[in-house]
file model-v2.cif (mmCIF, C-alpha atoms and all ligand atoms)
data_protein
#
loop_
_atom_site.label_atom_id
_atom_site.label_comp_id
_atom_site.auth_asym_id
_atom_site.auth_seq_id
_atom_site.Cartn_x
_atom_site.Cartn_y
_atom_site.Cartn_z
CA MET A 1 -32.19 -23.15 80.15
CA LYS A 2 -29.03 -21.83 81.80
CA GLY A 3 -26.66 -19.67 79.83
CA ILE A 4 -28.95 -18.77 76.95
CA ASN A 5 -30.24 -15.24 76.66
CA PHE A 6 -33.61 -15.98 75.05
CA ALA A 7 -34.73 -12.34 75.15
CA SER A 8 -31.74 -11.34 73.07
CA LEU A 9 -32.28 -14.21 70.60
CA ARG A 10 -35.94 -13.20 70.36
CA GLY A 11 -35.04 -9.58 69.61
CA ARG A 12 -32.64 -10.67 66.88
CA MET A 13 -35.22 -13.05 65.39
CA VAL A 14 -37.76 -10.23 65.21
CA THR A 15 -35.30 -7.84 63.54
CA GLU A 16 -33.68 -10.25 61.11
CA GLN A 17 -36.47 -12.68 60.25
CA ILE A 18 -39.62 -10.57 60.57
CA ILE A 19 -38.96 -6.83 60.19
CA ARG A 20 -36.20 -7.21 57.60
CA ARG A 21 -38.54 -9.34 55.47
CA GLY A 22 -41.11 -6.59 55.35
CA ILE A 23 -43.51 -7.17 58.24
CA SER A 24 -43.88 -3.78 59.86
CA ASP A 25 -47.24 -3.84 61.67
CA ARG A 26 -46.33 -2.56 65.14
CA ASN A 27 -48.76 -4.79 66.97
CA VAL A 28 -47.61 -7.94 65.16
CA VAL A 29 -43.96 -7.04 65.80
CA SER A 30 -44.73 -6.39 69.46
CA ALA A 31 -46.43 -9.79 69.82
CA PHE A 32 -43.39 -11.61 68.43
CA LYS A 33 -41.10 -9.52 70.68
CA ASN A 34 -43.08 -10.49 73.76
CA ILE A 35 -44.10 -14.12 73.40
CA PRO A 36 -41.42 -16.52 74.72
CA ARG A 37 -41.24 -19.06 71.88
CA GLU A 38 -38.79 -21.17 73.88
CA LEU A 39 -41.66 -22.22 76.18
CA PHE A 40 -43.58 -23.75 73.25
CA VAL A 41 -40.89 -26.16 72.06
CA PRO A 42 -39.75 -29.41 73.67
CA ASP A 43 -36.75 -29.15 76.04
CA ASN A 44 -34.41 -30.73 73.49
CA GLN A 45 -35.30 -28.00 70.93
CA ARG A 46 -35.03 -24.95 73.22
CA ASN A 47 -31.59 -23.96 71.99
CA PHE A 48 -33.06 -23.68 68.49
CA ALA A 49 -36.29 -21.89 69.46
CA TYR A 50 -35.39 -18.74 67.50
CA ASP A 51 -33.88 -20.45 64.46
CA ASP A 52 -35.25 -19.45 61.07
CA ARG A 53 -37.09 -22.74 60.50
CA PRO A 54 -39.90 -24.93 61.78
CA LEU A 55 -39.06 -27.26 64.70
CA SER A 56 -40.36 -30.65 65.74
CA ILE A 57 -42.87 -30.61 68.62
CA GLY A 58 -43.34 -34.40 68.70
CA LYS A 59 -46.11 -36.64 67.33
CA GLY A 60 -44.77 -35.93 63.84
CA GLN A 61 -45.86 -32.27 64.04
CA THR A 62 -44.08 -28.93 63.90
CA ILE A 63 -44.13 -25.39 65.24
CA SER A 64 -44.05 -23.17 62.15
CA GLN A 65 -41.04 -21.02 61.20
CA PRO A 66 -41.36 -17.66 63.04
CA TYR A 67 -41.58 -15.70 59.77
CA ILE A 68 -44.47 -17.82 58.46
CA ALA A 69 -46.35 -17.41 61.75
CA ALA A 70 -45.77 -13.63 61.54
CA LEU A 71 -46.79 -13.47 57.88
CA MET A 72 -50.03 -15.39 58.55
CA THR A 73 -50.76 -13.13 61.51
CA SER A 74 -50.16 -9.96 59.51
CA VAL A 75 -52.36 -10.97 56.56
CA LEU A 76 -55.24 -11.74 58.92
CA TYR A 77 -55.50 -7.96 59.60
CA LEU A 78 -56.86 -8.64 63.05
CA GLU A 79 -59.07 -6.06 64.67
CA LYS A 80 -59.45 -5.77 68.44
CA ASN A 81 -61.81 -8.38 69.91
CA ASN A 82 -62.13 -10.30 66.65
CA LYS A 83 -63.50 -13.78 67.19
CA VAL A 84 -60.87 -16.05 65.68
CA LEU A 85 -60.86 -19.76 64.91
CA GLU A 86 -57.49 -21.48 64.62
CA ILE A 87 -57.25 -24.96 63.14
CA GLY A 88 -54.12 -26.79 64.32
CA THR A 89 -53.19 -25.61 67.83
CA GLY A 90 -49.91 -27.56 67.72
CA SER A 91 -47.55 -26.04 70.30
CA GLY A 92 -49.90 -23.14 71.09
CA TYR A 93 -47.38 -20.49 69.93
CA GLN A 94 -49.60 -19.04 67.20
CA SER A 95 -52.51 -19.12 69.70
CA ALA A 96 -50.44 -17.04 72.14
CA ILE A 97 -49.62 -14.52 69.40
CA LEU A 98 -53.29 -14.16 68.41
CA SER A 99 -54.40 -13.85 72.03
CA TYR A 100 -51.72 -11.25 72.73
CA LEU A 101 -53.22 -9.26 69.85
CA GLY A 102 -56.61 -9.28 71.54
CA ALA A 103 -58.37 -12.08 69.66
CA GLU A 104 -61.15 -14.02 71.31
CA LEU A 105 -59.60 -17.32 70.33
CA TYR A 106 -61.06 -20.74 69.62
CA THR A 107 -58.51 -23.34 68.58
CA VAL A 108 -58.87 -26.97 67.52
CA GLU A 109 -56.18 -29.68 67.64
CA ARG A 110 -56.64 -33.33 66.68
CA ILE A 111 -53.78 -34.75 68.79
CA PRO A 112 -54.79 -34.71 72.49
CA GLU A 113 -51.20 -34.70 73.88
CA LEU A 114 -50.35 -31.56 71.90
CA ALA A 115 -53.57 -29.80 72.87
CA GLU A 116 -52.92 -30.55 76.54
CA LYS A 117 -49.33 -29.31 76.43
CA ALA A 118 -50.38 -26.16 74.60
CA ALA A 119 -53.13 -25.52 77.17
CA THR A 120 -50.61 -25.79 80.01
CA VAL A 121 -48.23 -23.21 78.51
CA LEU A 122 -51.03 -20.84 77.48
CA ASN A 123 -52.50 -20.98 81.00
CA TYR A 124 -49.07 -20.43 82.53
CA LEU A 125 -48.68 -17.28 80.42
CA GLY A 126 -52.14 -16.09 81.45
CA PHE A 127 -53.89 -16.44 78.08
CA ASN A 128 -57.54 -17.36 78.10
CA VAL A 129 -57.85 -19.62 75.05
CA ASN A 130 -60.67 -22.02 74.23
CA ILE A 131 -59.12 -25.29 73.08
CA LYS A 132 -61.01 -28.23 71.62
CA ILE A 133 -59.61 -31.67 70.82
CA GLY A 134 -61.16 -32.84 67.57
CA ASP A 135 -61.27 -32.64 63.80
CA GLY A 136 -60.76 -29.01 62.86
CA THR A 137 -61.82 -29.61 59.24
CA LEU A 138 -65.33 -29.46 60.72
CA GLY A 139 -64.57 -26.06 62.26
CA TRP A 140 -66.10 -25.33 65.68
CA HIS A 141 -69.73 -24.72 64.97
CA ASP A 142 -70.87 -23.79 68.51
CA TYR A 143 -69.07 -20.43 68.52
CA SER A 144 -69.42 -19.54 64.83
CA PRO A 145 -69.51 -17.29 62.90
CA TYR A 146 -65.90 -16.09 63.15
CA ASP A 147 -64.31 -12.83 61.98
CA ARG A 148 -61.08 -14.60 61.06
CA ILE A 149 -59.97 -18.20 60.56
CA ILE A 150 -56.36 -19.34 60.44
CA VAL A 151 -55.52 -22.85 59.29
CA THR A 152 -52.02 -24.04 60.16
CA ALA A 153 -52.04 -27.40 58.36
CA ALA A 154 -52.42 -28.08 54.64
CA SER A 155 -55.39 -29.39 52.68
CA GLU A 156 -56.08 -29.92 48.97
CA ILE A 157 -59.06 -27.59 49.12
CA LEU A 158 -60.35 -25.31 51.83
CA PRO A 159 -62.70 -27.38 54.05
CA ALA A 160 -66.29 -26.31 53.29
CA PRO A 161 -67.40 -26.05 56.95
CA LEU A 162 -64.82 -23.31 57.52
CA ILE A 163 -66.33 -21.20 54.76
CA GLY A 164 -69.76 -21.69 56.30
CA GLN A 165 -68.50 -20.59 59.72
CA LEU A 166 -66.89 -17.34 58.47
CA LYS A 167 -68.73 -14.02 58.77
CA ALA A 168 -69.45 -11.98 55.65
CA GLY A 169 -66.53 -9.57 55.37
CA GLY A 170 -64.29 -12.02 57.22
CA ARG A 171 -61.08 -13.66 56.06
CA ILE A 172 -59.38 -17.03 56.19
CA VAL A 173 -55.68 -17.63 55.74
CA ALA A 174 -54.78 -21.21 54.87
CA PRO A 175 -52.14 -23.32 53.09
CA VAL A 176 -53.82 -25.10 50.19
CA GLY A 177 -52.33 -27.52 47.66
CA GLY A 178 -50.48 -30.83 47.53
CA LYS A 179 -49.35 -32.87 50.48
CA TRP A 180 -45.71 -31.75 50.23
CA GLN A 181 -46.01 -28.20 48.92
CA GLN A 182 -48.76 -25.62 49.06
CA GLU A 183 -49.73 -22.02 48.44
CA LEU A 184 -50.63 -19.73 51.31
CA ILE A 185 -53.95 -18.18 50.32
CA ILE A 186 -56.16 -15.45 51.79
CA PHE A 187 -59.88 -16.08 51.26
CA GLU A 188 -62.13 -13.07 51.79
CA LYS A 189 -65.88 -13.57 52.06
CA THR A 190 -67.92 -10.86 50.37
CA ASN A 191 -71.29 -9.70 51.65
CA GLU A 192 -72.82 -11.80 48.86
CA GLY A 193 -71.06 -14.88 50.27
CA LEU A 194 -68.52 -15.12 47.43
CA LEU A 195 -64.88 -15.99 48.16
CA LYS A 196 -62.14 -13.75 46.79
CA LYS A 197 -58.75 -15.50 46.73
CA THR A 198 -55.34 -13.83 47.04
CA PHE A 199 -52.04 -15.70 46.72
CA VAL A 200 -49.50 -14.85 49.42
CA CYS A 201 -46.54 -17.21 48.85
CA GLY A 202 -45.46 -20.81 48.43
CA CYS A 203 -45.20 -22.79 51.67
CA VAL A 204 -44.81 -26.22 53.24
CA PHE A 205 -47.11 -27.36 56.05
CA VAL A 206 -47.91 -30.70 57.66
CA PRO A 207 -51.18 -32.20 56.37
CA LEU A 208 -54.59 -31.33 57.74
CA VAL A 209 -56.00 -34.77 58.56
CA GLY A 210 -59.75 -35.13 58.84
CA LYS A 211 -63.11 -35.49 57.18
CA TYR A 212 -62.57 -32.53 54.82
CA GLY A 213 -58.79 -32.87 54.66
CA TYR A 214 -56.35 -35.70 54.09
CA LYS A 215 -57.48 -39.10 55.25
CA LYS A 216 -54.14 -39.87 56.90
N1 LIG B 1 -50.09 -23.33 64.97
C1 LIG B 1 -49.14 -24.29 65.46
C2 LIG B 1 -48.10 -23.71 66.36
O1 LIG B 1 -48.05 -22.48 66.53
O2 LIG B 1 -47.35 -24.50 66.93
C3 LIG B 1 -48.49 -25.08 64.37
C4 LIG B 1 -49.35 -26.14 63.91
S1 LIG B 1 -48.64 -27.51 63.11
C5 LIG B 1 -47.83 -26.82 61.72
C6 LIG B 1 -50.16 -28.19 62.48
C7 LIG B 1 -51.06 -28.78 63.53
O3 LIG B 1 -52.30 -29.12 62.92
C8 LIG B 1 -50.53 -30.08 64.14
O4 LIG B 1 -50.45 -29.96 65.53
C9 LIG B 1 -51.56 -31.13 63.73
O5 LIG B 1 -51.75 -32.13 64.68
C10 LIG B 1 -52.79 -30.27 63.56
N2 LIG B 1 -53.84 -30.86 62.74
C11 LIG B 1 -53.76 -31.60 61.60
N3 LIG B 1 -54.98 -31.94 61.16
C12 LIG B 1 -55.88 -31.40 62.04
C13 LIG B 1 -57.30 -31.38 62.13
N4 LIG B 1 -58.08 -31.98 61.25
N5 LIG B 1 -57.85 -30.72 63.17
C14 LIG B 1 -57.10 -30.09 64.09
N6 LIG B 1 -55.76 -30.07 64.06
C15 LIG B 1 -55.16 -30.71 63.04
#

call {"tool": "encode", "arguments": {"input": "model-v2.cif", "output": "structure tokens", "more": "lines below"}}
Ligand code: SAM
result
Amino acid sequence: MKGINFASLRGRMVTEQIIRRGISDRNVVSAFKNIPRELFVPDNQRNFAYDDRPLSIGKGQTISQPYIAALMTSVLYLEKNNKVLEIGTGSGYQSAILSYLGAELYTVERIPELAEKAATVLNYLGFNVNIKIGDGTLGWHDYSPYDRIIVTAASEILPAPLIGQLKAGGRIVAPVGGKWQQELIIFEKTNEGLLKKTFVCGCVFVPLVGKYGYKK
């Protein structure tokens, strides 16, 4: 869009919303400095792409607030070439961040129009992401097990198939709780298959709708 210096807005967003709030991992910071968030929002939202809040992406869905996307990315503790499953592709912004960080990414979105738009932008930026249209509460069995799983929509409890598709020693970050307010939780799978839970913060996500999530 003419007249707007997105690179400068992006730099300010990274400094004020991400680094100043305590996220210091150099790779995570670099990803948020380099991914053009304005390409992942609808034209009528571009001016607000770097605002400190979630934005509408249509179909009643949102692109998460930059800080929440950065926080979820940092608590995943990604290692190079990790196989990562993302549930809730949405705009594709979080997918771009994870791919930038070297993840082999599998992402599932239930709304075809969003998945298709996300695929177009990710391809345009040169990211090789595997996108499936379907119910992410079932995970994506064909490519399991995964080193990391990130869930970007909220459920009352963590969908059981996701636990089954996580490697021992792997971790899931997911918002879990009520429909209107949740807790962001890290679930770590021990070698014995037990889940260790760590609270990160309170949060608000759109509902995860599917067999092991909300019914509507
Ligand atoms: N990660 C996204 C981004 O960077 O734009 C934000 C995702 S948005 C907060 C949540 C997404 O989860 C929505 O696009 C919604 O359609 C999707 N969703 C909800 N239930 C789902 C399910 N069962 N399977 C896959 N996607 C689902």

call {"tool": "closest_atom_pairs", "arguments": {"input": "model-v2.cif", "of": "chain A", "to": "ligand LIG 1 (chain B)", "cutoff": "7 Å", "atoms": "only C-alpha atoms and all ligand atoms", "output": "CSV"}}
result
residue,atom,partner,partner_atom,distance
A:Gln61,CA,B:LIG1,C8,5.2
A:Thr62,CA,B:LIG1,C5,4.8
A:Ile63,CA,B:LIG1,O2,3.7
A:Ser64,CA,B:LIG1,C5,5.3
A:Ile87,CA,B:LIG1,C14,5.2
A:Gly88,CA,B:LIG1,O3,3.3
A:Thr89,CA,B:LIG1,N1,4.8
A:Gly90,CA,B:LIG1,O4,3.3
A:Ser91,CA,B:LIG1,O2,3.7
A:Gly92,CA,B:LIG1,O1,5.0
A:Tyr93,CA,B:LIG1,O1,4.0
A:Gln94,CA,B:LIG1,O1,3.8
A:Ser95,CA,B:LIG1,O1,6.4
A:Val108,CA,B:LIG1,C14,5.0
A:Glu109,CA,B:LIG1,N6,3.6
A:Arg110,CA,B:LIG1,C14,4.2
A:Ile111,CA,B:LIG1,O5,5.3
A:Leu114,CA,B:LIG1,O4,6.6
A:Gly134,CA,B:LIG1,N5,5.9
A:Asp135,CA,B:LIG1,N5,4.0
A:Gly136,CA,B:LIG1,N5,3.4
A:Thr137,CA,B:LIG1,N4,4.9
A:Thr152,CA,B:LIG1,C4,5.1
A:Ala153,CA,B:LIG1,C6,4.6
A:Phe205,CA,B:LIG1,C5,5.7
A:Val206,CA,B:LIG1,C5,5.6
A:Pro207,CA,B:LIG1,C11,5.9
A:Leu208,CA,B:LIG1,N3,3.5
A:Val209,CA,B:LIG1,N3,4.0
A:Gly210,CA,B:LIG1,N4,4.3
A:Gly213,CA,B:LIG1,N4,6.7

call {"tool": "residues_near_point", "arguments": {"input": "model-v2.cif", "point": "(-62.1, -25.5, 49.7)", "cutoff": "12 Å", "atoms": "only C-alpha atoms", "output": "list of chain:residue names"}}
result
A:Thr137, A:Val151, A:Ala154, A:Ser155, A:Glu156, A:Ile157, A:Leu158, A:Pro159, A:Ala160, A:Pro161, A:Leu162, A:Ile163, A:Gly164, A:Ile172, A:Val173, A:Ala174, A:Pro175, A:Val176, A:Gly177, A:Ile185, A:Ile186, A:Phe187, A:Leu195, A:Lys197, A:Tyr212, A:Gly213

call {"tool": "atom_distance", "arguments": {"input": "model-v2.cif", "atom1": "CA of Ile35 (chain A)", "atom2": "CA of Pro145 (chain A)"}}
result
27.7 Å

call {"tool": "atom_distance", "arguments": {"input": "model-v2.cif", "atom1": "CA of Met13 (chain A)", "atom2": "CA of Tyr50 (chain A)"}}
result
6.1 Å

call {"tool": "atom_distance", "arguments": {"input": "model-v2.cif", "atom1": "CA of Leu166 (chain A)", "atom2": "CA of Cys201 (chain A)"}}
result
22.5 Å

call {"tool": "closest_residue", "arguments": {"input": "model-v2.cif", "among": "A:Leu194, A:Ile149, A:Ala49, A:Ile23", "to": "Phe6 (chain A)", "atoms": "all atoms listed in the file"}}
result
A:Ala49

call {"tool": "closest_residue", "arguments": {"input": "model-v2.cif", "among": "A:Ala119, A:Leu55, A:Leu125, A:Leu105", "to": "Asn34 (chain A)", "atoms": "all atoms listed in the file"}}
result
A:Leu125

call {"tool": "residues_around", "arguments": {"input": "model-v2.cif", "residues": "Val14 (chain A)", "least_positions_apart": "3", "cutoff": "8 Å", "atoms": "only C-alpha atoms", "output": "count of residues only"}}
result
8

call {"tool": "residues_around", "arguments": {"input": "model-v2.cif", "residues": "Val204 (chain A)", "least_positions_apart": "3", "cutoff": "7 Å", "atoms": "all atoms listed in the file", "output": "PyMOL selection string"}}
result
chain A and resi 180-182

call {"tool": "write_last_selection", "arguments": {"input": "model-v2.cif", "atoms": "C-alpha atoms", "output": "PDB file, keeping the file's coordinate frame"}}
result
ATOM      1  CA  TRP A 180     -45.710 -31.750  50.230  1.00  0.00           C
ATOM      2  CA  GLN A 181     -46.010 -28.200  48.920  1.00  0.00           C
ATOM      3  CA  GLN A 182     -48.760 -25.620  49.060  1.00  0.00           C
TER       4      GLN A 182
END

call {"tool": "closest_residue", "arguments": {"input": "model-v2.cif", "among": "A:Leu85, A:Leu71, A:Ala103, A:Leu98", "to": "Ile131 (chain A)", "atoms": "only C-alpha atoms"}}
result
A:Leu85

call {"tool": "closest_residue", "arguments": {"input": "model-v2.cif", "among": "A:Tyr146, A:Trp140, A:Ala70, A:Lys117", "to": "Phe40 (chain A)", "atoms": "only C-alpha atoms"}}
result
A:Lys117

call {"tool": "axis_aligned_box", "arguments": {"input": "model-v2.cif", "around": "region 16-34 of chain A", "padding_each_side": "3 Å", "output": "JSON"}}
result
{"center_x": -41.2, "center_y": -7.6, "center_z": 64.6, "size_x": 21.1, "size_y": 16.1, "size_z": 24.4}

call {"tool": "decode", "arguments": {"input": "model-v2.cif", "residues": "region 17-29 of chain A", "atoms": "all heavy atoms", "output": "mmCIF file, in the first residue's frame"}}
result
data_model
loop_
_atom_site.group_PDB
_atom_site.id
_atom_site.type_symbol
_atom_site.label_atom_id
_atom_site.label_comp_id
_atom_site.auth_asym_id
_atom_site.auth_seq_id
_atom_site.Cartn_x
_atom_site.Cartn_y
_atom_site.Cartn_z
ATOM 1 N N GLN A 17 6.834 -4.493 21.016
ATOM 2 C CA GLN A 17 5.856 -5.514 21.429
ATOM 3 C C GLN A 17 6.509 -6.850 21.796
ATOM 4 O O GLN A 17 5.938 -7.618 22.563
ATOM 5 C CB GLN A 17 4.830 -5.755 20.325
ATOM 6 C CG GLN A 17 4.050 -4.509 19.924
ATOM 7 C CD GLN A 17 3.133 -4.776 18.746
ATOM 8 O OE1 GLN A 17 2.567 -5.847 18.609
ATOM 9 N NE2 GLN A 17 2.985 -3.794 17.873
ATOM 10 N N ILE A 18 7.668 -7.121 21.192
ATOM 11 C CA ILE A 18 8.267 -8.449 21.374
ATOM 12 C C ILE A 18 9.485 -8.378 22.300
ATOM 13 O O ILE A 18 9.492 -8.982 23.377
ATOM 14 C CB ILE A 18 8.592 -9.068 19.991
ATOM 15 C CG1 ILE A 18 7.265 -9.314 19.242
ATOM 16 C CG2 ILE A 18 9.401 -10.348 20.135
ATOM 17 C CD1 ILE A 18 7.388 -9.913 17.871
ATOM 18 N N ILE A 19 10.499 -7.601 21.909
ATOM 19 C CA ILE A 19 11.739 -7.570 22.707
ATOM 20 C C ILE A 19 11.467 -6.936 24.074
ATOM 21 O O ILE A 19 11.852 -7.470 25.109
ATOM 22 C CB ILE A 19 12.854 -6.815 21.957
ATOM 23 C CG1 ILE A 19 13.181 -7.551 20.658
ATOM 24 C CG2 ILE A 19 14.093 -6.654 22.844
ATOM 25 C CD1 ILE A 19 14.153 -6.847 19.742
ATOM 26 N N ARG A 20 10.744 -5.820 24.081
ATOM 27 C CA ARG A 20 10.498 -5.114 25.341
ATOM 28 C C ARG A 20 9.682 -5.963 26.322
ATOM 29 O O ARG A 20 9.734 -5.775 27.520
ATOM 30 C CB ARG A 20 9.789 -3.791 25.061
ATOM 31 C CG ARG A 20 10.063 -2.756 26.122
ATOM 32 C CD ARG A 20 9.599 -1.389 25.678
ATOM 33 N NE ARG A 20 10.544 -0.725 24.797
ATOM 34 C CZ ARG A 20 10.285 0.384 24.111
ATOM 35 N NH1 ARG A 20 9.095 0.943 24.196
ATOM 36 N NH2 ARG A 20 11.198 0.929 23.348
ATOM 37 N N ARG A 21 8.937 -6.939 25.801
ATOM 38 C CA ARG A 21 8.155 -7.812 26.695
ATOM 39 C C ARG A 21 8.914 -9.081 27.064
ATOM 40 O O ARG A 21 8.335 -10.024 27.582
ATOM 41 C CB ARG A 21 6.818 -8.160 26.050
ATOM 42 C CG ARG A 21 5.872 -6.977 26.029
ATOM 43 C CD ARG A 21 4.563 -7.343 25.391
ATOM 44 N NE ARG A 21 3.671 -6.202 25.343
ATOM 45 C CZ ARG A 21 2.814 -5.974 24.345
ATOM 46 N NH1 ARG A 21 2.729 -6.821 23.321
ATOM 47 N NH2 ARG A 21 2.027 -4.934 24.377
ATOM 48 N N GLY A 22 10.200 -9.112 26.707
ATOM 49 C CA GLY A 22 11.031 -10.173 27.265
ATOM 50 C C GLY A 22 11.380 -11.318 26.326
ATOM 51 O O GLY A 22 11.985 -12.298 26.754
ATOM 52 N N ILE A 23 10.995 -11.220 25.056
ATOM 53 C CA ILE A 23 11.377 -12.300 24.144
ATOM 54 C C ILE A 23 12.702 -11.902 23.489
ATOM 55 O O ILE A 23 12.768 -10.923 22.745
ATOM 56 C CB ILE A 23 10.274 -12.561 23.091
ATOM 57 C CG1 ILE A 23 9.036 -13.080 23.826
ATOM 58 C CG2 ILE A 23 10.751 -13.549 22.011
ATOM 59 C CD1 ILE A 23 7.831 -13.293 22.966
ATOM 60 N N SER A 24 13.748 -12.692 23.799
ATOM 61 C CA SER A 24 15.077 -12.260 23.366
ATOM 62 C C SER A 24 15.751 -13.256 22.429
ATOM 63 O O SER A 24 16.822 -12.957 21.901
ATOM 64 C CB SER A 24 15.960 -12.044 24.601
ATOM 65 O OG SER A 24 15.964 -13.237 25.359
ATOM 66 N N ASP A 25 15.144 -14.420 22.215
ATOM 67 C CA ASP A 25 15.752 -15.419 21.331
ATOM 68 C C ASP A 25 16.041 -14.780 19.962
ATOM 69 O O ASP A 25 15.125 -14.287 19.287
ATOM 70 C CB ASP A 25 14.795 -16.617 21.180
ATOM 71 C CG ASP A 25 15.384 -17.709 20.317
ATOM 72 O OD1 ASP A 25 15.622 -17.471 19.094
ATOM 73 O OD2 ASP A 25 15.611 -18.804 20.832
ATOM 74 N N ARG A 26 17.313 -14.807 19.572
ATOM 75 C CA ARG A 26 17.725 -14.074 18.354
ATOM 76 C C ARG A 26 17.038 -14.583 17.109
ATOM 77 O O ARG A 26 16.699 -13.813 16.210
ATOM 78 C CB ARG A 26 19.242 -14.176 18.176
ATOM 79 C CG ARG A 26 19.979 -13.221 19.078
ATOM 80 C CD ARG A 26 21.450 -13.485 19.108
ATOM 81 N NE ARG A 26 22.051 -13.474 17.773
ATOM 82 C CZ ARG A 26 23.289 -13.869 17.521
ATOM 83 N NH1 ARG A 26 24.048 -14.297 18.505
ATOM 84 N NH2 ARG A 26 23.774 -13.836 16.298
ATOM 85 N N ASN A 27 16.853 -15.901 17.040
ATOM 86 C CA ASN A 27 16.222 -16.455 15.846
ATOM 87 C C ASN A 27 14.748 -16.054 15.761
ATOM 88 O O ASN A 27 14.240 -15.727 14.683
ATOM 89 C CB ASN A 27 16.345 -17.988 15.841
ATOM 90 C CG ASN A 27 17.785 -18.413 15.698
ATOM 91 O OD1 ASN A 27 18.577 -17.732 15.044
ATOM 92 N ND2 ASN A 27 18.144 -19.527 16.327
ATOM 93 N N VAL A 28 14.074 -16.102 16.916
ATOM 94 C CA VAL A 28 12.647 -15.724 16.932
ATOM 95 C C VAL A 28 12.516 -14.241 16.547
ATOM 96 O O VAL A 28 11.695 -13.868 15.696
ATOM 97 C CB VAL A 28 12.021 -15.996 18.320
ATOM 98 C CG1 VAL A 28 10.597 -15.454 18.393
ATOM 99 C CG2 VAL A 28 12.037 -17.501 18.625
ATOM 100 N N VAL A 29 13.367 -13.409 17.133
ATOM 101 C CA VAL A 29 13.323 -11.977 16.826
ATOM 102 C C VAL A 29 13.581 -11.752 15.336
ATOM 103 O O VAL A 29 12.881 -10.990 14.662
ATOM 104 C CB VAL A 29 14.346 -11.211 17.710
ATOM 105 C CG1 VAL A 29 14.546 -9.789 17.217
ATOM 106 C CG2 VAL A 29 13.877 -11.214 19.169
#
